[in-house]
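One structure is given below, encoded as structure tokens.
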Amino acid sequence: MQTVSKQGARTGRLIGAIAVVTGGGKGVGRAISLELAAEGADVAVVSHSDVAAAEQVAGEIRELGRRAVAVKADITDRESVEGMIGTVCDALGTLDVLVNNAGYTAHGPLEQLSEADWDAVFAVNAKGTFLCSVAAARRMIPAGRGSIVNIAGASAHRSYPFAGGYGPAKAAVVNLTRQMSLEWAKHGIRVNGVSPGPIREAGSGWETREPELAEEVRRLPLRQAADPVDVARAVAFLASPHAASTTGHMLLVDGGGVNTWYLAPQDYAEGGG
Ligand SMILES: NC(=O)c1ccc[n+]([C@@H]2O[C@H](COP(=O)([O-])OP(=O)(O)OC[C@H]3O[C@@H](n4cnc5c(N)ncnc54)[C@H](OP(=O)(O)O)[C@@H]3O)[C@@H](O)[C@H]2O)c1
């Protein structure tokens, strides 16, 4: 079978689009920002504490020949979010795509989890997605078009011990995705999401640093963590006209994990399990 390069051929399916990526300066958000730009979009890279990282990614996007701005915002604060969306529209033009990627987690046994940790996880993942989406939709509604992609997680679809409020907050993102898709369909706005399982950069040596996660990943049907580019490509598809008839959908990028429990490698042998 032919191996598809991680660089891959681009389709230009987002040429002319203006996109905002929250948490776009690092990790998965960086991969999403660069993938949208590679597909032709101009991109606003939103950061909270690490402005330098967002500036760096904006510079990489400009080197690709697209326009880019780095914008600082706290997505848990309505005034900050509305200021950020206004700044982006002033700098780049009418917004076409919002990617709610910024996330936060605080692990621990539920009976020991502080109220502050519970609130912080819901504030970034659930409230942040709500505030950014509403601010973007208010700009998209008069234009009669737009696409929003929310990053949830496999944790929204199944539960893990000691994940704190993360799974519940991501489950809220899944339900909010459906609700927004219903309310805004009449305005030509599609709202979808991506639920990744473990995401690690292939070839970065993470397996040595995180042996317990590596063992879990070996028990996934596809036996691999998603590369950030895998998530970014799923986002680019959902954001683009290639997904013109898709709304309210969560695309799993999880190596098949949600469809089963963690199996031992021998369970995949014929007759196993
Ligand atoms: N990594 C995984 O294995 C995995 C698996 C499933 C789902 N996910 C989800 O995928 C997304 C990206 O994951 P990641 O691992 O790349 O995340 P990450 O490296 O932890 O980065 C989180 C990002 O969120 C931003 N952020 C946090 N609080 C914010 C706030 N109040 N306002 C604005 N931005 C804020 C941070 O910006 P600053 O750095 O500027 O503060 C940062 O860029 C998240 O939604 C995560 O839950 C990740």
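Chain labels A, B, ... are given in the sequence in which chains occur in the structure tokens; within each chain residues are numbered consecutively from 1, and ligands are likewise numbered from 1 in the order shown.
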Closest-contact table, chain A side, partner ligand 1, 7 Å, counting only C-alpha atoms and all ligand atoms, as a Markdown table:
| residue | atom | partner | partner_atom_place_in_ligand_line | distance |
| --- | --- | --- | --- | --- |
| A:Thr22 | CA | ligand 1 | 34 (N) | 5.9 |
| A:Gly23 | CA | ligand 1 | 43 (O) | 3.3 |
| A:Gly24 | CA | ligand 1 | 43 (O) | 5.7 |
| A:Gly25 | CA | ligand 1 | 43 (O) | 5.4 |
| A:Lys26 | CA | ligand 1 | 43 (O) | 5.2 |
| A:Gly27 | CA | ligand 1 | 16 (O) | 3.6 |
| A:Val28 | CA | ligand 1 | 16 (O) | 3.8 |
| A:Gly29 | CA | ligand 1 | 16 (O) | 5.6 |
| A:Val46 | CA | ligand 1 | 34 (N) | 6.8 |
| A:Ser47 | CA | ligand 1 | 40 (O) | 3.6 |
| A:His48 | CA | ligand 1 | 40 (O) | 3.6 |
| A:Ser49 | CA | ligand 1 | 41 (O) | 3.8 |
| A:Asp50 | CA | ligand 1 | 40 (O) | 3.8 |
| A:Val51 | CA | ligand 1 | 40 (O) | 5.9 |
| A:Ala73 | CA | ligand 1 | 33 (C) | 5.5 |
| A:Asp74 | CA | ligand 1 | 32 (N) | 3.6 |
| A:Ile75 | CA | ligand 1 | 32 (N) | 4.0 |
| A:Thr76 | CA | ligand 1 | 31 (N) | 5.3 |
| A:Asn101 | CA | ligand 1 | 45 (O) | 4.6 |
| A:Ala102 | CA | ligand 1 | 24 (O) | 3.4 |
| A:Gly103 | CA | ligand 1 | 45 (O) | 3.6 |
| A:Tyr104 | CA | ligand 1 | 27 (C) | 5.6 |
| A:Val124 | CA | ligand 1 | 31 (N) | 5.4 |
| A:Asn125 | CA | ligand 1 | 45 (O) | 6.7 |
| A:Ile151 | CA | ligand 1 | 45 (O) | 5.2 |
| A:Ala152 | CA | ligand 1 | 7 (C) | 5.9 |
| A:Gly153 | CA | ligand 1 | 7 (C) | 4.2 |
| A:Ala154 | CA | ligand 1 | 6 (C) | 6.3 |
| A:Ser195 | CA | ligand 1 | 7 (C) | 6.5 |
| A:Pro196 | CA | ligand 1 | 6 (C) | 4.5 |
| A:Gly197 | CA | ligand 1 | 6 (C) | 4.9 |
| A:Pro198 | CA | ligand 1 | 3 (O) | 3.9 |
| A:Ile199 | CA | ligand 1 | 3 (O) | 3.7 |
| A:Arg200 | CA | ligand 1 | 3 (O) | 6.3 |
Please save C-alpha atoms of the selected residues as a PDB file, in the first residue's frame.
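And here's part_30.pdb as it stands now:
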ATOM      1  CA  THR A  22      -7.773  29.292  19.657  1.00  0.00           C
ATOM      2  CA  GLY A  23      -4.679  27.876  21.333  1.00  0.00           C
ATOM      3  CA  GLY A  24      -3.148  28.054  17.857  1.00  0.00           C
ATOM      4  CA  GLY A  25       0.418  28.753  18.956  1.00  0.00           C
ATOM      5  CA  LYS A  26       1.416  25.305  20.151  1.00  0.00           C
ATOM      6  CA  GLY A  27       0.704  21.588  20.070  1.00  0.00           C
ATOM      7  CA  VAL A  28      -2.330  20.527  18.110  1.00  0.00           C
ATOM      8  CA  GLY A  29      -3.426  24.129  17.596  1.00  0.00           C
ATOM      9  CA  VAL A  46      -4.996  33.057  19.375  1.00  0.00           C
ATOM     10  CA  SER A  47      -2.915  32.612  22.512  1.00  0.00           C
ATOM     11  CA  HIS A  48      -3.512  33.274  26.194  1.00  0.00           C
ATOM     12  CA  SER A  49      -0.185  33.279  28.055  1.00  0.00           C
ATOM     13  CA  ASP A  50       2.327  32.397  25.333  1.00  0.00           C
ATOM     14  CA  VAL A  51       2.152  35.294  22.882  1.00  0.00           C
ATOM     15  CA  ALA A  73      -7.295  36.549  24.501  1.00  0.00           C
ATOM     16  CA  ASP A  74      -8.687  34.784  27.530  1.00  0.00           C
ATOM     17  CA  ILE A  75     -11.449  32.622  26.087  1.00  0.00           C
ATOM     18  CA  THR A  76     -13.119  32.317  29.510  1.00  0.00           C
ATOM     19  CA  ASN A 101      -8.985  24.145  20.026  1.00  0.00           C
ATOM     20  CA  ALA A 102      -7.834  25.677  23.339  1.00  0.00           C
ATOM     21  CA  GLY A 103      -8.199  23.238  26.206  1.00  0.00           C
ATOM     22  CA  TYR A 104      -7.249  22.676  29.814  1.00  0.00           C
ATOM     23  CA  VAL A 124     -11.763  26.778  29.212  1.00  0.00           C
ATOM     24  CA  ASN A 125     -13.277  23.737  27.488  1.00  0.00           C
ATOM     25  CA  ILE A 151     -11.984  19.952  19.517  1.00  0.00           C
ATOM     26  CA  ALA A 152     -13.512  17.612  22.088  1.00  0.00           C
ATOM     27  CA  GLY A 153     -11.800  14.292  22.848  1.00  0.00           C
ATOM     28  CA  ALA A 154     -12.287  10.558  23.202  1.00  0.00           C
ATOM     29  CA  SER A 195     -12.692  13.947  19.094  1.00  0.00           C
ATOM     30  CA  PRO A 196      -9.070  12.824  19.239  1.00  0.00           C
ATOM     31  CA  GLY A 197      -7.670  10.006  21.318  1.00  0.00           C
ATOM     32  CA  PRO A 198      -4.024  10.315  22.443  1.00  0.00           C
ATOM     33  CA  ILE A 199      -2.120  12.769  20.231  1.00  0.00           C
ATOM     34  CA  ARG A 200       1.643  12.537  20.031  1.00  0.00           C
TER      35      ARG A 200
END
Which residues are near segment 180-187 of chain A? Cut-off 10 Å, only C-alpha atoms, ignore same chain within fewer than 6 positions. Put them as number ranges by chain.
A: 130, 133-134, 137, 140-148, 246-249
Take the selection from the previous step and output its residues with N, CA and C atoms, as a PDB file, in the first residue's frame.
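Saved to result.pdb:
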ATOM      1  N   PHE A 130     -18.281  28.001  24.072  1.00  0.00           N
ATOM      2  CA  PHE A 130     -19.542  28.752  23.949  1.00  0.00           C
ATOM      3  C   PHE A 130     -19.279  30.220  23.614  1.00  0.00           C
ATOM      4  N   SER A 133     -17.719  30.737  20.098  1.00  0.00           N
ATOM      5  CA  SER A 133     -18.654  30.386  19.027  1.00  0.00           C
ATOM      6  C   SER A 133     -19.730  31.453  18.860  1.00  0.00           C
ATOM      7  N   VAL A 134     -20.253  31.943  19.980  1.00  0.00           N
ATOM      8  CA  VAL A 134     -21.297  32.971  19.898  1.00  0.00           C
ATOM      9  C   VAL A 134     -20.728  34.258  19.281  1.00  0.00           C
ATOM     10  N   ALA A 137     -20.295  33.568  15.630  1.00  0.00           N
ATOM     11  CA  ALA A 137     -21.579  33.408  14.930  1.00  0.00           C
ATOM     12  C   ALA A 137     -22.239  34.754  14.682  1.00  0.00           C
ATOM     13  N   MET A 140     -20.799  35.816  11.628  1.00  0.00           N
ATOM     14  CA  MET A 140     -21.092  34.936  10.487  1.00  0.00           C
ATOM     15  C   MET A 140     -22.547  35.051  10.027  1.00  0.00           C
ATOM     16  N   ILE A 141     -23.462  35.302  10.966  1.00  0.00           N
ATOM     17  CA  ILE A 141     -24.896  35.311  10.628  1.00  0.00           C
ATOM     18  C   ILE A 141     -25.215  36.344   9.536  1.00  0.00           C
ATOM     19  N   PRO A 142     -24.732  37.607   9.660  1.00  0.00           N
ATOM     20  CA  PRO A 142     -25.046  38.564   8.582  1.00  0.00           C
ATOM     21  C   PRO A 142     -24.465  38.143   7.230  1.00  0.00           C
ATOM     22  N   ALA A 143     -23.352  37.393   7.252  1.00  0.00           N
ATOM     23  CA  ALA A 143     -22.732  36.946   5.992  1.00  0.00           C
ATOM     24  C   ALA A 143     -23.445  35.723   5.421  1.00  0.00           C
ATOM     25  N   GLY A 144     -24.227  35.048   6.272  1.00  0.00           N
ATOM     26  CA  GLY A 144     -24.972  33.865   5.804  1.00  0.00           C
ATOM     27  C   GLY A 144     -24.093  32.656   5.560  1.00  0.00           C
ATOM     28  N   ARG A 145     -22.924  32.632   6.180  1.00  0.00           N
ATOM     29  CA  ARG A 145     -22.052  31.472   6.007  1.00  0.00           C
ATOM     30  C   ARG A 145     -21.039  31.412   7.149  1.00  0.00           C
ATOM     31  N   GLY A 146     -20.518  30.202   7.371  1.00  0.00           N
ATOM     32  CA  GLY A 146     -19.477  30.032   8.373  1.00  0.00           C
ATOM     33  C   GLY A 146     -19.343  28.575   8.755  1.00  0.00           C
ATOM     34  N   SER A 147     -18.210  28.258   9.339  1.00  0.00           N
ATOM     35  CA  SER A 147     -17.960  26.885   9.772  1.00  0.00           C
ATOM     36  C   SER A 147     -17.202  26.914  11.099  1.00  0.00           C
ATOM     37  N   ILE A 148     -17.719  26.172  12.065  1.00  0.00           N
ATOM     38  CA  ILE A 148     -17.090  26.104  13.388  1.00  0.00           C
ATOM     39  C   ILE A 148     -16.703  24.654  13.640  1.00  0.00           C
ATOM     40  N   THR A 246     -22.343  18.405   5.955  1.00  0.00           N
ATOM     41  CA  THR A 246     -22.109  17.804   7.272  1.00  0.00           C
ATOM     42  C   THR A 246     -22.214  18.868   8.361  1.00  0.00           C
ATOM     43  N   THR A 247     -23.126  18.654   9.294  1.00  0.00           N
ATOM     44  CA  THR A 247     -23.190  19.543  10.465  1.00  0.00           C
ATOM     45  C   THR A 247     -23.681  18.753  11.670  1.00  0.00           C
ATOM     46  N   GLY A 248     -23.194  19.145  12.846  1.00  0.00           N
ATOM     47  CA  GLY A 248     -23.556  18.458  14.087  1.00  0.00           C
ATOM     48  C   GLY A 248     -22.823  17.138  14.268  1.00  0.00           C
ATOM     49  N   HIS A 249     -21.738  16.945  13.509  1.00  0.00           N
ATOM     50  CA  HIS A 249     -21.038  15.656  13.523  1.00  0.00           C
ATOM     51  C   HIS A 249     -19.741  15.740  14.334  1.00  0.00           C
TER      52      HIS A 249
END
Open item on the list: Set the distance at 9 Å and use only C-alpha atoms: which residues neighbour Ala37 of chain A once local chain neighbours fewer than 2 positions away are removed? I'd like the list as a PyMOL selection string.
Closed with: chain A and resi 14-15+19+32-35+39-43+61-62+64-68
Would you please give, as a PyMOL selection string, all residues of segment 23-268 of chain A that DSSP assigns to strand (DSSP E or B) based on the backbone? chain A and resi 42-47+68-72+97-100+108+146-151+163+189-196+199+226+250-253
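Minimum atom-to-atom distance to Arg10 of chain A, evaluated using only C-alpha atoms, belongs to A:Phe237 out of A:Gly59, A:Leu98, A:Phe237, A:Ala214.
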Select from segment 24-165 of chain A everything DSSP, run on the backbone, classes as alpha helix (DSSP H), then give the selection as number ranges by chain.
A: 27-38, 51-63, 78-92, 115-122, 128-143
Record the distance separating atom CA of Ala116 of chain A and atom CA of Thr177 of chain A, expressed in Å with one decimal.
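If I compute the distance from atom CA of Ala116 of chain A to atom CA of Thr177 of chain A, I get 25.2 Å.
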re atom CA of Pro168 of chain A and atom CA of Asp117 of chain A: distance 12.9 Å
Residues near Gly193 of chain A, anyone? I mean within 6 Å using only C-alpha atoms, not counting same-chain ones fewer than 6 positions away, as a list in words.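 Contacts, with the query itself left out: Val149, Asn150, Ile151 and Met250 of chain A.
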Judged by only C-alpha atoms, the minimum distance to His107 of chain A among A:Gly188, A:Gly128, A:Pro241, A:Val121 is found for A:Val121
Q: Measure the distance from atom CA of Val97 of chain A to atom CA of Pro228 of chain A in Å and round it to one decimal.
A: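 The value is 19.0 Å.
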- Query: Given the choices A:Ala123, A:Ile18, A:Val253, A:Ala91, which gets closest to Gln224 of chain A if the distance is worked out from only C-alpha atoms?
  - Reply: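 Once distances to Gln224 of chain A are computed over only C-alpha atoms, the minimum belongs to A:Val253.
Checking A:Thr11, A:Ser80, A:Thr94, A:Asn259 one by one against Arg139 of chain A, counting only C-alpha atoms, you find the shortest gap at A:Thr94.
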Shell around Pro161 of chain A at 10 Å using only C-alpha atoms, local window under 3 positions removed, as a VMD selection string: chain A and resid 107 to 110 164 167
